[in-house]
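Heads up, the thing below is written out as structure tokens.
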Amino acid sequence: MKRTSFLTAAVLIAFGAAPAWGDATFESFFKTSGVGGMGAAESTSVKRIQGDKKSETSQMRFTGAILSRLAPGGETVTITRVDKGVVWTLDPKTKTYKESPLVPPRSKEAKTDKSAEKTKPGKRADEKPKARITKSEFTVKKTGASETINGWPCEEYVVTWLMEVEDIETKARSRSTMTTDLWTTPETSVIQKAKGEEKRFDLAHARKIASEISDEEARQMGMAAFASMSGAPDADVRKGLARVKDEMAKVKGYPIRTSISWTFEGDEAKGASAEKAQAPAEPGLDLSGGVSGLLGGLAGRMAQKKVEEKTSPKGGPIFSSTIEVKAINADGLPPTAFEVPAGYLKKQ
């Protein structure tokens, strides 16, 4: 009898006792100044999760004087189906969609062609660093301030990362400061459930694409993008990111509002060196990845722009952004929310 009970329990654990998938919905607002006003935009987003399926509807518009006229923005719906291994990108205006496979970050060709990998810029093992970090300070402080944001009682944390870098060749120095004003709320049962569903989806997605980190980790405040702008050795950057993880453990609660301000000051020579060493091909502006995705694209743009001011414009930030959660719920969602609507035509 005991043996039968044990086997029954083992079967339940293997097939039926694992945490059940559920539903979660997150509504948020995002706004950025871009870099020196270039790429200023705002967007609203509704993200829905059901098991290993996710649907995200975004309404984006540029707010700068030029891009607001050239690129009016619009609505985009992205459905990620980990179970089917596909991503559907819908255009509600034309009622069309594109289908893309969920693939590993590196293609099979890249994995097999070792020589090609070695010849890529910045990939040579014997390449000497062009800069060194002379100072790196990352701090998290709870201010004691409180505010009710969208119905949630929130407390404020100020996260500061100061990094000073010296160009090895020119001895010119630059100073970057990323300040994050973080407002968090105690995690209610609804927030915990929705957060858990999002984490389970992210892990399923990461396993599907053979990624070593989840989408959530990749998005964390764009810190990696900020550090990579230094041009310092990878080992120094990794040490800095390890300190980030330890300090961020001080933050309690779920983030409702996250405001980031990035200032940059540097010598004239440093600006020229950064342009020569780091300017890549013209990158696109990626708003879909939130703060980190935008930072990655804008970081390259900033280098190509020669950091024209060489300091943050008029003493203010060279980049700023705010993301604010408007609503969270764990109500059931219809399966049709994760399917291409009837009447949409597939684009080749």
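Ligands are numbered from 1 in the order shown, residues from 1 within each chain, and chains are lettered A, B, ... in the order they appear in the structure tokens.
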
### Message
Give me, as a ChimeraX atom specification, all polymer residues having an atom no more than 8 Å from A:Thr177, counting only C-alpha atoms and skipping those fewer than 6 positions away in the same chain.
### Response
/A:160-163,262-264

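Taking only C-alpha atoms, the non-local environment of stretch 91-105 of chain A within 9 Å (same-chain residues fewer than 3 positions away omitted) comprises Gly74, Glu75, Thr76, Val77, Thr80, Arg81, Val82, Lys84, Gly85, Val86, Val87, Trp88, Lys108, His205, Lys208, Ile209, Ala210, Ser211, Val340, Pro341, Gly343, Tyr344, Leu345, Lys346, Lys347 and Gln348 of chain A.
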
### A:Ala337 environment, 10 Å, only C-alpha atoms, sequence neighbours closer than 4 positions dropped, as a list in words
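The contact residues come out as Arg48, Ile49, Gln50, Lys53, Lys54, Ser55, Glu56, Ile79, Leu333 and Pro341 of chain A.
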
Could you write those residues out with C-alpha atoms, as a compact mmCIF listing (two decimals), in the first residue's frame?
# COMPACT_ATOMS: atom_id res chain seq x y z
CA ARG A 48 -1.00 39.36 -21.76
CA ILE A 49 0.41 35.99 -20.73
CA GLN A 50 -1.23 32.58 -20.74
CA LYS A 53 1.95 32.21 -24.89
CA LYS A 54 2.33 35.98 -24.79
CA SER A 55 0.59 38.81 -26.62
CA GLU A 56 1.77 42.42 -26.44
CA ILE A 79 2.21 37.30 -30.29
CA LEU A 333 -7.92 35.42 -20.71
CA PRO A 341 -7.45 37.19 -35.81

### Task
List every residue of stretch 158-222 of chain A that DSSP, applied to the backbone of this structure, assigns to strand (DSSP E), and report them as a list in words.
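Secondary structure check on stretch 158-222 of chain A, strand (DSSP E): Val158, Val159, Thr160, Trp161, Leu162, Met163, Glu164, Val165, Glu166, Asp167, Arg173, Ser174, Arg175, Ser176, Thr177, Met178, Thr179, Thr180, Asp181, Leu182, Trp183, Thr184 and Thr185 of chain A.
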
### Task
Go through A:Lys193, A:Asp331, A:Ala131, A:Val35 one by one, measure the shortest atom-to-atom distance of each to A:Glu169 using only C-alpha atoms, and give the residue with the smallest value.
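Checking each candidate against A:Glu169, we get A:Ala131 as the closest.
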
### Task
For atom CA of A:Val159 and atom CA of A:Ile133, quote the distance in Å rounded to one decimal.
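Pair atom CA of A:Val159 / atom CA of A:Ile133 returns 19.6 Å.
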
### Message
Which residue is closest to A:Phe338? Choose from A:Gly39, A:Pro255, A:Gly266, A:Gly51 and count only C-alpha atoms.
### Response
A:Gly51
